[in-house]
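Asks: To be precise about what I am sending: the file is called entry11.cif and holds mmCIF, C-alpha atoms and all ligand atoms.
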data_model
#
loop_
_atom_site.label_atom_id
_atom_site.label_comp_id
_atom_site.auth_asym_id
_atom_site.auth_seq_id
_atom_site.Cartn_x
_atom_site.Cartn_y
_atom_site.Cartn_z
CA MET W 1 12.26 44.65 -29.62
CA LYS W 2 13.04 45.31 -25.98
CA PHE W 3 10.96 43.32 -23.52
CA SER W 4 10.51 44.06 -19.86
CA LEU W 5 11.79 41.20 -17.76
CA PHE W 6 8.54 39.96 -16.32
CA THR W 7 5.09 39.03 -17.55
CA LYS W 8 2.53 41.48 -16.20
CA ARG W 9 -1.05 40.53 -15.61
CA LEU W 10 -3.72 43.17 -15.88
CA LYS W 11 -4.53 44.64 -12.49
CA MET W 12 -8.10 43.32 -12.48
CA SER W 13 -9.87 40.56 -10.63
CA SER W 14 -8.31 37.32 -11.81
CA LYS W 15 -11.77 35.89 -12.57
CA THR W 16 -12.24 38.24 -15.51
CA ALA W 17 -8.63 39.04 -16.40
CA ASN W 18 -9.12 37.03 -19.63
CA LEU W 19 -12.19 39.08 -20.60
CA ASP W 20 -10.35 42.27 -19.72
CA LEU W 21 -7.44 41.32 -21.96
CA TYR W 22 -9.94 40.55 -24.74
CA ALA W 23 -11.41 44.03 -24.18
CA LYS W 24 -7.94 45.57 -24.36
CA VAL W 25 -7.08 43.96 -27.69
CA GLU W 26 -10.47 43.82 -29.42
CA HIS W 27 -9.52 46.72 -31.70
CA LEU W 28 -6.72 44.54 -33.15
CA LEU W 29 -9.05 41.70 -34.14
CA GLY W 30 -10.50 43.35 -37.23
CA ILE W 31 -14.10 42.56 -36.27
CA GLU W 32 -15.66 46.03 -36.71
CA GLU W 33 -17.38 45.19 -39.99
CA ALA W 34 -18.79 41.89 -38.71
CA THR W 35 -19.94 43.57 -35.47
CA ASP W 36 -21.72 46.25 -37.46
CA ALA W 37 -23.42 43.68 -39.70
CA LEU W 38 -24.53 41.72 -36.66
CA HIS W 39 -25.91 44.83 -34.95
CA SER W 40 -27.89 45.64 -38.11
CA LEU W 41 -29.35 42.13 -38.12
CA TYR W 42 -30.51 42.50 -34.49
CA MET W 43 -31.90 45.94 -35.22
CA SER W 44 -33.93 44.63 -38.13
CA GLU W 45 -35.44 41.97 -35.84
CA LEU W 46 -36.29 44.59 -33.20
CA ASP W 47 -37.78 46.97 -35.78
CA ASP W 48 -40.59 44.45 -36.30
CA LEU W 49 -41.46 44.48 -32.59
CA GLU W 50 -42.96 47.03 -30.22
CA VAL W 51 -39.96 47.32 -27.91
CA LYS W 52 -39.83 50.13 -25.35
CA SER W 53 -37.11 48.77 -23.07
CA LEU W 54 -34.05 46.63 -23.80
CA LEU W 55 -31.23 44.93 -21.91
CA ASP W 56 -27.98 44.11 -23.72
CA VAL W 57 -26.17 41.33 -21.82
CA GLY W 58 -22.46 41.28 -22.67
CA CYS W 59 -22.80 44.73 -24.22
CA GLY W 60 -19.03 45.19 -24.66
CA ARG W 61 -18.19 48.79 -25.59
CA GLY W 62 -21.89 49.61 -26.03
CA GLY W 63 -22.06 50.00 -29.81
CA PHE W 64 -25.47 48.34 -30.00
CA LEU W 65 -26.81 50.27 -27.00
CA LYS W 66 -26.00 53.51 -28.81
CA ARG W 67 -27.99 52.40 -31.84
CA VAL W 68 -30.92 51.38 -29.66
CA ASN W 69 -30.86 54.65 -27.68
CA ALA W 70 -30.96 56.57 -30.96
CA LYS W 71 -34.33 54.89 -31.67
CA GLY W 72 -35.75 56.22 -28.40
CA ILE W 73 -35.76 52.81 -26.71
CA ARG W 74 -34.78 52.77 -23.00
CA ALA W 75 -31.64 50.66 -23.08
CA LYS W 76 -29.48 49.19 -20.35
CA GLY W 77 -26.41 46.97 -20.56
CA CYS W 78 -24.14 44.80 -18.46
CA ASP W 79 -20.74 43.24 -18.98
CA PRO W 80 -18.59 41.16 -16.61
CA SER W 81 -15.44 42.74 -18.01
CA GLU W 82 -14.60 45.84 -16.01
CA VAL W 83 -12.75 47.29 -19.00
CA MET W 84 -15.79 46.84 -21.26
CA ALA W 85 -18.28 48.13 -18.67
CA LYS W 86 -16.17 51.19 -17.91
CA SER W 87 -15.69 51.96 -21.57
CA SER W 88 -19.51 51.96 -22.06
CA GLN W 89 -20.08 54.01 -18.91
CA ASP W 90 -17.52 56.56 -20.14
CA GLU W 91 -19.72 56.97 -23.24
CA GLY W 92 -22.62 57.91 -20.95
CA LEU W 93 -24.42 54.58 -21.40
CA ASP W 94 -26.49 52.95 -18.65
CA VAL W 95 -24.26 49.94 -18.06
CA VAL W 96 -23.50 47.89 -14.95
CA HIS W 97 -20.35 45.90 -14.37
CA GLY W 98 -21.33 42.25 -14.01
CA GLY W 99 -23.38 39.48 -15.54
CA ILE W 100 -27.16 39.45 -15.90
CA GLU W 101 -27.55 38.77 -12.13
CA ALA W 102 -26.30 42.33 -11.53
CA VAL W 103 -29.23 43.83 -13.45
CA GLU W 104 -32.51 44.88 -11.86
CA GLY W 105 -35.78 45.41 -13.70
CA LYS W 106 -37.75 43.85 -16.53
CA PHE W 107 -37.48 44.46 -20.24
CA ASP W 108 -39.43 44.02 -23.49
CA ALA W 109 -36.30 42.67 -25.16
CA ILE W 110 -33.03 41.16 -23.99
CA VAL W 111 -30.17 40.60 -26.42
CA SER W 112 -26.77 38.87 -26.20
CA ILE W 113 -24.80 39.75 -29.29
CA PHE W 114 -21.70 38.22 -30.87
CA ASP W 115 -20.85 34.91 -29.21
CA VAL W 116 -21.83 35.98 -25.66
CA LEU W 117 -23.64 32.66 -25.01
CA ASN W 118 -20.60 30.74 -26.25
CA PHE W 119 -18.62 32.21 -23.35
CA MET W 120 -20.90 30.26 -20.95
CA ASP W 121 -20.57 26.56 -20.31
CA LYS W 122 -23.60 24.24 -20.28
CA GLU W 123 -24.37 24.76 -16.58
CA GLN W 124 -23.95 28.54 -16.74
CA LEU W 125 -26.23 28.64 -19.79
CA GLU W 126 -29.01 26.77 -17.92
CA VAL W 127 -28.86 29.28 -15.06
CA PHE W 128 -28.66 32.14 -17.56
CA PHE W 129 -31.93 31.07 -19.29
CA HIS W 130 -33.75 31.38 -15.97
CA GLU W 131 -32.17 34.77 -15.26
CA VAL W 132 -33.33 35.97 -18.70
CA ALA W 133 -36.88 34.64 -18.19
CA LYS W 134 -37.10 36.45 -14.82
CA ARG W 135 -36.26 39.76 -16.51
CA LEU W 136 -38.56 39.52 -19.53
CA ASN W 137 -41.90 41.30 -19.55
CA ASP W 138 -44.86 39.19 -20.67
CA GLY W 139 -44.57 38.77 -24.44
CA GLY W 140 -40.93 39.92 -24.33
CA VAL W 141 -38.21 38.41 -26.53
CA PHE W 142 -34.67 37.20 -25.99
CA ILE W 143 -32.46 37.34 -29.09
CA ALA W 144 -28.98 35.80 -29.21
CA ASP W 145 -26.52 34.35 -31.69
CA ILE W 146 -24.37 31.26 -31.30
CA ASN W 147 -21.60 29.76 -33.38
CA THR W 148 -22.29 26.58 -35.33
CA ARG W 149 -19.80 23.73 -35.01
CA PHE W 150 -18.58 24.71 -38.49
CA GLY W 151 -18.17 28.29 -37.25
CA PHE W 152 -15.88 27.07 -34.50
CA SER W 153 -13.89 24.45 -36.39
CA GLU W 154 -13.49 26.20 -39.75
CA VAL W 155 -13.74 29.91 -38.97
CA ALA W 156 -12.62 30.52 -35.39
CA GLU W 157 -9.84 27.94 -35.18
CA GLY W 158 -6.39 29.08 -36.30
CA VAL W 159 -3.62 31.57 -35.63
CA MET W 160 -3.53 35.29 -36.38
CA SER W 161 -1.40 38.23 -35.43
CA SER W 162 -1.89 41.94 -35.67
CA GLU W 163 -0.19 45.12 -34.49
CA ASP W 164 -0.61 48.84 -34.22
CA GLU W 165 0.92 51.63 -32.13
CA SER W 166 -0.54 50.06 -28.95
CA GLY W 167 1.40 46.80 -29.39
CA PHE W 168 1.56 43.36 -30.97
CA LEU W 169 -1.12 40.69 -30.61
CA ASN W 170 -0.98 36.97 -31.31
CA VAL W 171 -4.14 34.85 -31.15
CA ASP W 172 -3.94 31.05 -31.19
CA ALA W 173 -7.27 29.20 -31.23
CA GLU W 174 -7.81 25.47 -31.12
CA PHE W 175 -11.19 23.68 -31.24
CA VAL W 176 -11.07 20.46 -29.22
CA ASN W 177 -13.97 18.39 -27.83
CA ASP W 178 -16.48 21.12 -28.70
CA GLU W 179 -14.49 23.78 -26.85
CA LEU W 180 -12.55 26.62 -28.42
CA HIS W 181 -9.36 27.33 -26.49
CA THR W 182 -8.03 30.73 -27.48
CA VAL W 183 -4.74 32.06 -26.14
CA PHE W 184 -4.31 35.81 -26.46
CA THR W 185 -0.72 37.06 -26.14
CA PHE W 186 -0.32 40.82 -26.17
CA PHE W 187 2.95 42.74 -26.11
CA GLU W 188 1.89 46.19 -25.05
CA LYS W 189 4.13 49.07 -25.96
CA GLU W 190 5.00 51.14 -22.91
CA ASN W 191 5.95 54.84 -22.95
CA ASP W 192 9.63 54.02 -22.40
CA GLY W 193 9.68 51.88 -25.56
CA LYS W 194 9.71 48.60 -23.62
CA TYR W 195 7.02 45.98 -24.02
CA SER W 196 4.95 44.29 -21.31
CA LYS W 197 3.60 40.84 -22.04
CA TYR W 198 0.05 39.84 -21.15
CA GLN W 199 -1.27 36.35 -21.79
CA GLU W 200 -4.72 34.92 -21.08
CA LYS W 201 -6.85 32.06 -22.30
CA ILE W 202 -10.52 32.31 -23.20
CA LEU W 203 -12.70 29.21 -23.40
CA GLN W 204 -15.75 29.16 -25.61
CA TYR W 205 -18.27 26.34 -25.78
CA PHE W 206 -20.18 24.92 -28.72
CA HIS W 207 -23.86 24.51 -27.80
CA PRO W 208 -26.04 22.10 -29.80
CA LEU W 209 -29.48 23.44 -30.72
CA GLN W 210 -31.12 20.83 -28.48
CA ARG W 211 -29.79 22.72 -25.47
CA PHE W 212 -31.97 25.68 -26.49
CA LEU W 213 -34.98 23.70 -27.64
CA LYS W 214 -35.14 21.65 -24.43
CA ASN W 215 -34.56 24.15 -21.63
CA ASP W 216 -37.47 24.75 -19.24
CA ALA W 217 -37.26 28.56 -18.90
CA LEU W 218 -37.39 29.79 -22.50
CA LYS W 219 -38.88 28.46 -25.73
CA VAL W 220 -37.38 28.99 -29.18
CA VAL W 221 -39.88 30.78 -31.41
CA GLU W 222 -37.56 31.31 -34.37
CA LYS W 223 -34.12 30.18 -35.47
CA GLN W 224 -32.17 31.11 -38.56
CA THR W 225 -28.75 29.94 -39.64
CA PHE W 226 -26.81 32.75 -41.24
CA SER W 227 -23.36 33.55 -42.58
CA LEU W 228 -21.19 36.16 -40.88
CA TYR W 229 -17.63 35.28 -41.93
CA ASP W 230 -18.37 32.09 -43.85
CA THR W 231 -21.34 30.03 -45.00
CA ASN W 232 -23.64 29.08 -42.12
CA ASP W 233 -21.20 29.87 -39.33
CA LYS W 234 -23.85 31.27 -36.96
CA VAL W 235 -27.41 30.76 -35.75
CA LEU W 236 -29.75 33.53 -34.58
CA LEU W 237 -32.23 32.43 -31.93
CA ILE W 238 -35.38 34.24 -30.86
CA MET W 239 -36.82 32.97 -27.60
CA LYS W 240 -39.74 33.77 -25.29
CA LYS W 241 -40.66 32.90 -21.71
CA ARG W 242 -42.36 29.50 -21.34
C1 LIG N 301 -17.40 39.32 -28.68
S1 LIG N 301 -17.80 40.39 -27.37
C2 LIG N 301 -19.30 41.13 -27.98
C3 LIG N 301 -19.59 42.46 -27.35
C4 LIG N 301 -20.89 43.15 -27.80
N1 LIG N 301 -22.05 42.33 -27.54
C5 LIG N 301 -20.83 43.55 -29.25
O1 LIG N 301 -21.75 43.18 -30.00
O2 LIG N 301 -19.89 44.26 -29.64
C6 LIG N 301 -18.40 39.28 -26.14
C7 LIG N 301 -18.75 39.98 -24.82
O3 LIG N 301 -19.33 39.03 -23.93
C8 LIG N 301 -18.92 39.36 -22.61
N2 LIG N 301 -19.15 38.17 -21.77
C9 LIG N 301 -18.35 37.10 -21.58
N3 LIG N 301 -18.91 36.24 -20.72
C10 LIG N 301 -20.11 36.75 -20.37
C11 LIG N 301 -21.15 36.35 -19.48
N4 LIG N 301 -21.08 35.20 -18.80
N5 LIG N 301 -22.24 37.15 -19.35
C12 LIG N 301 -22.32 38.30 -20.03
N6 LIG N 301 -21.36 38.75 -20.88
C13 LIG N 301 -20.28 38.00 -21.04
C14 LIG N 301 -17.46 39.75 -22.80
O4 LIG N 301 -16.94 40.48 -21.71
C15 LIG N 301 -17.54 40.56 -24.09
O5 LIG N 301 -17.76 41.92 -23.85
#
Would you encode the structure as structure tokens?

Replies:
Amino acid sequence: MKFSLFTKRLKMSSKTANLDLYAKVEHLLGIEEATDALHSLYMSELDDLEVKSLLDVGCGRGGFLKRVNAKGIRAKGCDPSEVMAKSSQDEGLDVVHGGIEAVEGKFDAIVSIFDVLNFMDKEQLEVFFHEVAKRLNDGGVFIADINTRFGFSEVAEGVMSSEDESGFLNVDAEFVNDELHTVFTFFEKENDGKYSKYQEKILQYFHPLQRFLKNDALKVVEKQTFSLYDTNDKVLLIMKKR
């Protein structure tokens, strides 16, 4: 392999460069099947409710928004990764670049699918609950999934690598003190046959259930532990405004 001589960082705001690198390499993670299964689970929850408007926070490439739109539900999304938000916008989806604070309006349902809450630390999560409550219509629901401690320590932790014509990816994840430290190293193949190296770290936080049961903005109305990759690696939470 021929490497270029310097390590390039993505030309994005440094605050979300890690999320943008995640967006760039997501196709190499082999998570399509799990994503699809998760989207079906959320859809089956929504099918039981009278939802006319929905906000998908951390919508990524907008796969779930497309499914929701197809049901005739007015759906909006947001994502702090510029790469993710742009990719959804390019698909014609109603998506803003930013976190939930960037979204105006109120919704019958708000969802945060596939670890989105684990990207927030304890303090950010507290603020987030209030931002969700502000944007829920009366009787509206917030649905989100979180990783169990087992999901972090036994499923997410470890090393993997993967490659395709876009380049070579190495992912090294370590779960320490209830935090998952994941280093993504991507060697992107350039047109001239050289490789550019991108490296970013993503931190994810384990949240105990008490954090959800005890917050003063939302109340948990249902929780179910389920298995996505392994037995009981995730919990689905359904919450309403207090
Ligand atoms: C594993 S991806 C899931 C994407 C999408 N929900 C799906 O089901 O395919 C996690 C997403 O959360 C977004 N994210 C990270 N931190 C966030 C935050 N504080 N608020 C909203 N979204 C966030 C990331 O940019 C990424 O798109």

Asks: Quick one: which chain W residues come within 10 Å of ligand LIG 301 (chain N), and what is the nearest atom pair for each with the distance in Å to one decimal, counting all atoms listed in the file, rows ordered by chain and ascending number, as a tab-separated table?

Replies:
residue	atom	partner	partner_atom	distance
W:Thr16	CA	N:LIG301	O4	8.1
W:Ala17	CA	N:LIG301	O4	10.0
W:Asn18	CA	N:LIG301	O4	8.8
W:Leu19	CA	N:LIG301	O4	5.1
W:Asp20	CA	N:LIG301	O4	7.1
W:Leu21	CA	N:LIG301	O4	9.5
W:Tyr22	CA	N:LIG301	C15	7.6
W:Ala23	CA	N:LIG301	O5	6.7
W:Glu26	CA	N:LIG301	C1	8.3
W:Ile31	CA	N:LIG301	C1	8.9
W:Glu32	CA	N:LIG301	O2	8.4
W:Ala34	CA	N:LIG301	O1	9.3
W:Thr35	CA	N:LIG301	O1	5.8
W:Asp36	CA	N:LIG301	O1	8.1
W:Ala37	CA	N:LIG301	O1	9.9
W:Leu38	CA	N:LIG301	O1	7.4
W:His39	CA	N:LIG301	O1	6.7
W:Tyr42	CA	N:LIG301	O1	9.9
W:Asp56	CA	N:LIG301	N1	7.3
W:Val57	CA	N:LIG301	C12	5.2
W:Gly58	CA	N:LIG301	N6	3.3
W:Cys59	CA	N:LIG301	N1	4.2
W:Gly60	CA	N:LIG301	O5	3.6
W:Arg61	CA	N:LIG301	O2	6.3
W:Gly62	CA	N:LIG301	O2	6.8
W:Gly63	CA	N:LIG301	O2	6.1
W:Phe64	CA	N:LIG301	O1	6.4
W:Leu65	CA	N:LIG301	O1	9.2
W:Gly77	CA	N:LIG301	N1	9.4
W:Cys78	CA	N:LIG301	C12	6.9
W:Asp79	CA	N:LIG301	N6	4.9
W:Pro80	CA	N:LIG301	O4	5.4
W:Ser81	CA	N:LIG301	O4	4.6
W:Glu82	CA	N:LIG301	O4	8.2
W:Val83	CA	N:LIG301	O4	8.4
W:Met84	CA	N:LIG301	O5	5.9
W:Ala85	CA	N:LIG301	O5	8.1
W:His97	CA	N:LIG301	C12	9.7
W:Gly98	CA	N:LIG301	C12	7.3
W:Gly99	CA	N:LIG301	N5	4.6
W:Ile100	CA	N:LIG301	N5	6.4
W:Glu101	CA	N:LIG301	N5	9.1
W:Val111	CA	N:LIG301	N1	8.4
W:Ser112	CA	N:LIG301	N1	6.0
W:Ile113	CA	N:LIG301	N1	4.2
W:Phe114	CA	N:LIG301	C2	4.8
W:Asp115	CA	N:LIG301	C1	5.6
W:Val116	CA	N:LIG301	O3	4.3
W:Leu117	CA	N:LIG301	C11	7.1
W:Asn118	CA	N:LIG301	N3	8.0
W:Phe119	CA	N:LIG301	N3	4.8
W:Met120	CA	N:LIG301	N4	5.4
W:Asp121	CA	N:LIG301	N4	8.8
W:Gln124	CA	N:LIG301	N4	7.5
W:Leu125	CA	N:LIG301	N4	8.4
W:Phe128	CA	N:LIG301	N4	8.3
W:Ala144	CA	N:LIG301	N1	9.7
W:Ile202	CA	N:LIG301	C9	9.3
W:Leu203	CA	N:LIG301	N3	9.8
W:Gln204	CA	N:LIG301	N3	9.2

Asks: Return the single residue from W:Asn137, W:Ser40, W:Asn170, W:Asn69 that is closest to Ala109 in chain W, with distances computed using all atoms listed in the file.

Replies: W:Asn137

Asks: State, in Å with one decimal place, the distance from CA of Arg242 in chain W to CA of Leu218 in chain W.

Replies: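 CA of Leu218 in chain W lies 5.1 Å from CA of Arg242 in chain W.
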
Asks: In terms of the shortest atom-to-atom distance over all atoms listed in the file, which of W:Glu126, W:Glu154, W:Asp172, W:Asp164 is closest to Phe187 in chain W?

Replies: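 Under the stated criterion, the closest residue is W:Asp164.
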
Asks: Under the rule of at most 12 Å, produce a per-residue listing of range 120-171 of chain W near range 44-53 of chain W: chain, number, name, the closest pair of atoms, and the distance in Å, as a tab-separated table, using all atoms listed in the file.

Replies:
residue	atom	partner	partner_atom	distance
W:Arg135	CA	W:Ser53	CA	11.2
W:Leu136	CA	W:Ser53	CA	10.0
W:Asn137	CA	W:Ser53	CA	9.5
W:Asp138	CA	W:Val51	CA	11.9
W:Gly139	CA	W:Glu50	CA	10.2
W:Gly140	CA	W:Val51	CA	8.3
W:Val141	CA	W:Leu49	CA	9.2
W:Phe142	CA	W:Leu46	CA	10.5
W:Ile143	CA	W:Glu45	CA	8.7
W:Ala144	CA	W:Glu45	CA	11.1

Asks: Between CA of Glu104 in chain W and CA of Lys240 in chain W, what distance in Å does the model show, to one decimal?

Replies: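 Pair CA of Glu104 in chain W / CA of Lys240 in chain W returns 18.9 Å.
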
Asks: At what distance in Å, to one decimal, does CA of Ile146 in chain W lie from CA of Arg211 in chain W?

Replies: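 CA of Ile146 in chain W lies 11.7 Å from CA of Arg211 in chain W.
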
Asks: Could you pull out every residue with an atom within 9 Å of (1.8, 47.7, -28.9), file coordinates, counting all atoms listed in the file, and send them as number ranges by chain?

Replies: W: 163-169, 186-190, 195-196

Asks: Create the file for the chosen residues now, containing C-alpha atoms and written as a PDB file, keeping the file's coordinate frame.

Replies:
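Ended up saving to out_9.pdb:
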ATOM      1  CA  GLU W 163      -0.190  45.120 -34.490  1.00  0.00           C
ATOM      2  CA  ASP W 164      -0.610  48.840 -34.220  1.00  0.00           C
ATOM      3  CA  GLU W 165       0.920  51.630 -32.130  1.00  0.00           C
ATOM      4  CA  SER W 166      -0.540  50.060 -28.950  1.00  0.00           C
ATOM      5  CA  GLY W 167       1.400  46.800 -29.390  1.00  0.00           C
ATOM      6  CA  PHE W 168       1.560  43.360 -30.970  1.00  0.00           C
ATOM      7  CA  LEU W 169      -1.120  40.690 -30.610  1.00  0.00           C
ATOM      8  CA  PHE W 186      -0.320  40.820 -26.170  1.00  0.00           C
ATOM      9  CA  PHE W 187       2.950  42.740 -26.110  1.00  0.00           C
ATOM     10  CA  GLU W 188       1.890  46.190 -25.050  1.00  0.00           C
ATOM     11  CA  LYS W 189       4.130  49.070 -25.960  1.00  0.00           C
ATOM     12  CA  GLU W 190       5.000  51.140 -22.910  1.00  0.00           C
ATOM     13  CA  TYR W 195       7.020  45.980 -24.020  1.00  0.00           C
ATOM     14  CA  SER W 196       4.950  44.290 -21.310  1.00  0.00           C
TER      15      SER W 196
END

Asks: Find the residue from W:Arg74, W:Lys219, W:Lys234, W:His27 that sits nearest to His130 in chain W; use only C-alpha atoms when measuring.

Replies: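 For His130 in chain W, the nearest of the candidates is W:Lys219.
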
Asks: Find the residue from W:Lys122, W:Ile238, W:Thr185, W:Ala173 that sits nearest to Val25 in chain W; use only C-alpha atoms when measuring.

Replies: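 With only C-alpha atoms as the atom set, the closest residue is W:Thr185.
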